[in-house]
Every structure is written in C-alpha cells, then in structure tokens.
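Read the structure below first, then the notes.
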Amino acid sequence: MGTLAFAPSRNGLHYANSWPAVPDLTIPTPLGSIPVGNAANGLCGGMVFAVRDLFEAHTPPPDAPINPESGSPAFRYIVSRLIDSFCLPTGVLEYYAWMNLPTHDLWFGPHGISWRTTRQEMPRLRATIDAGHPCPLGLVQVHSANPNDLGRNHQVLAYGYADAGPWTTVQIYDPNHPDDDGVTIGFDAGRPNATTSFTHSRRSNPPILGFFTVPYTSRSPAPLASVVPT
C-alpha cells in the first residue's frame, strides 16, 4: 500500500475539464497530423500535468473554481502541458499501439492490454508513488485503428494504491470529477492473461480497457496564478 499526502479536493484543480470551443490545434505525428486542441474535447492531460507541477512545487492550486479564460496565460499553460503529456512522438504511438491490442493474451503475438497493465505498468505506478510522486496515467478507452480516435482516451493522476490479495485499488485525481476524493480504479489482477475489468468508481462508460504510466517532466506552474474569470 502506498498513498501520498494528496487529495483532489486540496491539491487538484477546482474546476472541471469543461472548456469552450476554440480553434483546433494540430500535432504532427508519425500517424499524420492529429487535432487535439479543440478545448471543448477536453484538456485532461494538461490538467493532470499541471496538478503534478503544483504538487512538485509544493504550491496549492488557485482557489477559484472557475476555468481560466481562453487565451489567458493559465489557459495557454494548460494547453501546452496537454501537448507535453503526449510525449511526442512516442506517446502518441503508445496510445495507438494499445488501442490495437486485444485485452487478453493470444497464443501468439505480444501480451494483451490486461497483462501489460497489471504486470508491466502497475509496478511502475507503485515505484513512482513509493518515491513520493503522483503518477500520470493514460487510460485506454477505445479499440480502433483510426488515429482520429486517439482523443477518445483519457488521462488521470494516480496518487495512491492498495493491494488486497489479487484486488488492487488505485486512487486518482480525475479532471472530469474535480474536488472528488473518492475516485478510484479497481481491478482483479489474479488472471493477467485474461481480460481484466477495470472499474472506475464514478462511471461505467466509456469502459477502461487498461492504462499505462505517462513519462513526466516538470515545468513551473506559475502561469496558473494568472486566472482571469470568465
């Protein structure tokens, strides 16, 4: 078991991942240019990286539960952290590879999503939290060979885990559920070669097929202080 001195109601951004439609931002990738910047589609990765930036800087988030105004320094910072969260180009390729894996292992080929999540990524998550850092996670939520479906996935920030026999519970900050300290992902890791059900405590749709840890590099969260209420 490992839990940081972190609570979404205290350390997370107090506004939801709900943004106005602004002009698309496209990111060049080996799969072609992918639109990720229409804020109306969500800025979860940017919010997750921003919250870890705040935590690492021992800085509380802005008190206001109001989203930064489009074009403000705080908004531009969150968008830039969204781009950082894709870890170009390898991060986009990892999402795409996982979107095209089976959930269970086959008798041939690479391990499926369930094995990779429970046997490969969970040790990395545990090590990050045990070292005193929250861990960004990419949630794979769609099977698709269409690169335009990359935006249907999600990002959250893990700050605790508990193992009870084969059952694991991961505590997360989810930008779609601000100030909610009870959001978790739970799963039974007892049969990693079979399809594992990953249960989000606040929703059932879209399903979580699996998740992987996202590499993080720090930046100053100072722009978040320049919030202009809408």
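Please note that chains go A, B, ... in the order of the structure tokens, that every chain numbers its residues from 1, and that ligands are numbered from 1 in the order shown.
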Check: Hey, what does DSSP flag as strand (DSSP E or B) within stretch 113-199 of chain A? Can you give it to me as a PyMOL selection string?
Finding: chain A and resi 135-140+154-164+167-173+184-188+198-199
Show which residues sit within 6 Å of stretch 179-196 of chain A, as a PDB file with C-alpha atoms, in the first residue's frame. Count only C-alpha atoms, and ignore same-chain residues fewer than 4 positions away.
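Listing of result-v4.pdb after writing:
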ATOM      1  CA  ALA A   7      -6.236  14.891  -2.035  1.00  0.00           C
ATOM      2  CA  PRO A   8      -8.017  16.089  -5.187  1.00  0.00           C
ATOM      3  CA  SER A   9     -10.109  18.470  -3.053  1.00  0.00           C
ATOM      4  CA  HIS A  14     -11.057  23.020  -8.559  1.00  0.00           C
ATOM      5  CA  THR A 103      -7.499  -7.120 -23.968  1.00  0.00           C
ATOM      6  CA  HIS A 104      -6.447 -10.743 -23.332  1.00  0.00           C
ATOM      7  CA  ASP A 105      -3.340 -12.683 -24.352  1.00  0.00           C
ATOM      8  CA  SER A 114      -4.680  -6.615 -19.282  1.00  0.00           C
ATOM      9  CA  TRP A 115      -1.284  -8.266 -18.800  1.00  0.00           C
ATOM     10  CA  PRO A 166      -5.465 -10.083  -6.153  1.00  0.00           C
ATOM     11  CA  TRP A 167      -7.601  -6.917  -5.860  1.00  0.00           C
ATOM     12  CA  THR A 168      -5.931  -3.550  -6.469  1.00  0.00           C
ATOM     13  CA  THR A 169      -7.426  -0.119  -5.920  1.00  0.00           C
ATOM     14  CA  VAL A 170      -5.755   2.951  -7.443  1.00  0.00           C
ATOM     15  CA  GLN A 171      -6.678   6.385  -6.085  1.00  0.00           C
ATOM     16  CA  ILE A 172      -6.812   9.027  -8.803  1.00  0.00           C
ATOM     17  CA  HIS A 200     -13.972   3.475 -12.454  1.00  0.00           C
ATOM     18  CA  SER A 201     -15.775   4.337  -9.227  1.00  0.00           C
TER      19      SER A 201
END
Check: Do you know which residues are at most 6 Å from A:Pro136 counting only C-alpha atoms, after dropping those on the same chain fewer than 4 positions away, and could you put them as a list in words?
Finding: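 So the residues in contact are Val156, Leu157, Thr213 and Val214 of chain A.
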Serialized selection, C-alpha atoms, as a PDB file, in the first residue's frame:
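Everything below was put into part-v3.pdb:
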ATOM      1  CA  VAL A 156      -5.728  10.898 -14.807  1.00  0.00           C
ATOM      2  CA  LEU A 157      -3.220  11.262 -11.960  1.00  0.00           C
ATOM      3  CA  THR A 213       2.191   5.289 -16.967  1.00  0.00           C
ATOM      4  CA  VAL A 214       2.986   8.534 -18.801  1.00  0.00           C
TER       5      VAL A 214
END
Item checked: Filtered DSSP result for stretch 82-172 of chain A, state helix (DSSP H, G or I), as a PyMOL selection string -> chain A and resi 82-85+90-99+113-130+147-152
Can you write out the residues you just picked, keeping C-alpha atoms, as a CSV table (one decimal), in the first residue's frame?
chain,number,residue,atom,x,y,z
A,82,LEU,CA,-1.6,18.9,-22.8
A,83,ILE,CA,0.9,18.7,-25.7
A,84,ASP,CA,3.7,17.8,-23.2
A,85,SER,CA,1.5,14.9,-21.9
A,90,THR,CA,6.4,8.1,-28.8
A,91,GLY,CA,3.5,8.8,-26.5
A,92,VAL,CA,1.0,9.0,-29.4
A,93,LEU,CA,2.4,5.8,-30.8
A,94,GLU,CA,1.9,4.1,-27.5
A,95,TYR,CA,-1.7,5.1,-27.3
A,96,TYR,CA,-2.2,3.9,-30.8
A,97,ALA,CA,-0.4,0.6,-30.2
A,98,TRP,CA,-2.6,-0.1,-27.1
A,99,MET,CA,-5.7,0.8,-29.0
A,113,ILE,CA,-3.7,-4.9,-22.5
A,114,SER,CA,-4.7,-6.6,-19.3
A,115,TRP,CA,-1.3,-8.3,-18.8
A,116,ARG,CA,0.6,-5.1,-19.7
A,117,THR,CA,-1.5,-3.0,-17.3
A,118,THR,CA,-1.3,-5.4,-14.3
A,119,ARG,CA,2.2,-6.8,-14.8
A,120,GLN,CA,4.1,-4.1,-16.6
A,121,GLU,CA,2.6,-0.7,-15.7
A,122,MET,CA,1.4,-1.3,-12.1
A,123,PRO,CA,5.0,-1.9,-10.9
A,124,ARG,CA,6.0,1.4,-12.5
A,125,LEU,CA,3.0,3.1,-10.9
A,126,ARG,CA,3.9,1.7,-7.4
A,127,ALA,CA,7.5,2.7,-7.8
A,128,THR,CA,6.6,6.3,-8.7
A,129,ILE,CA,4.2,6.7,-5.8
A,130,ASP,CA,6.6,5.0,-3.4
A,147,PRO,CA,-5.8,7.7,-35.4
A,148,ASN,CA,-8.6,10.3,-35.0
A,149,ASP,CA,-9.9,8.2,-32.2
A,150,LEU,CA,-6.9,9.0,-30.0
A,151,GLY,CA,-8.8,11.8,-28.4
A,152,ARG,CA,-11.4,9.3,-27.0
Next item on the list: Considering only C-alpha atoms, return as a VMD selection string whatever protein or nucleic-acid residues lie within 12 Å of A:Ser220, sequence-local ones (same chain, fewer than 6 positions apart) excluded.
Entry: chain A and resid 49 to 59 74 77 to 78 80 to 81
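Take the candidates A:His111, A:His133, A:Arg203, A:His154 and check each one against A:Ser218 using only C-alpha atoms; the shortest distance goes to A:His133.
Between atom CA of A:Gly42 and atom CA of A:Arg76 the separation is 13.7 Å.
Atom CA of A:Arg202 is positioned 9.9 Å from atom CA of A:Asn176.
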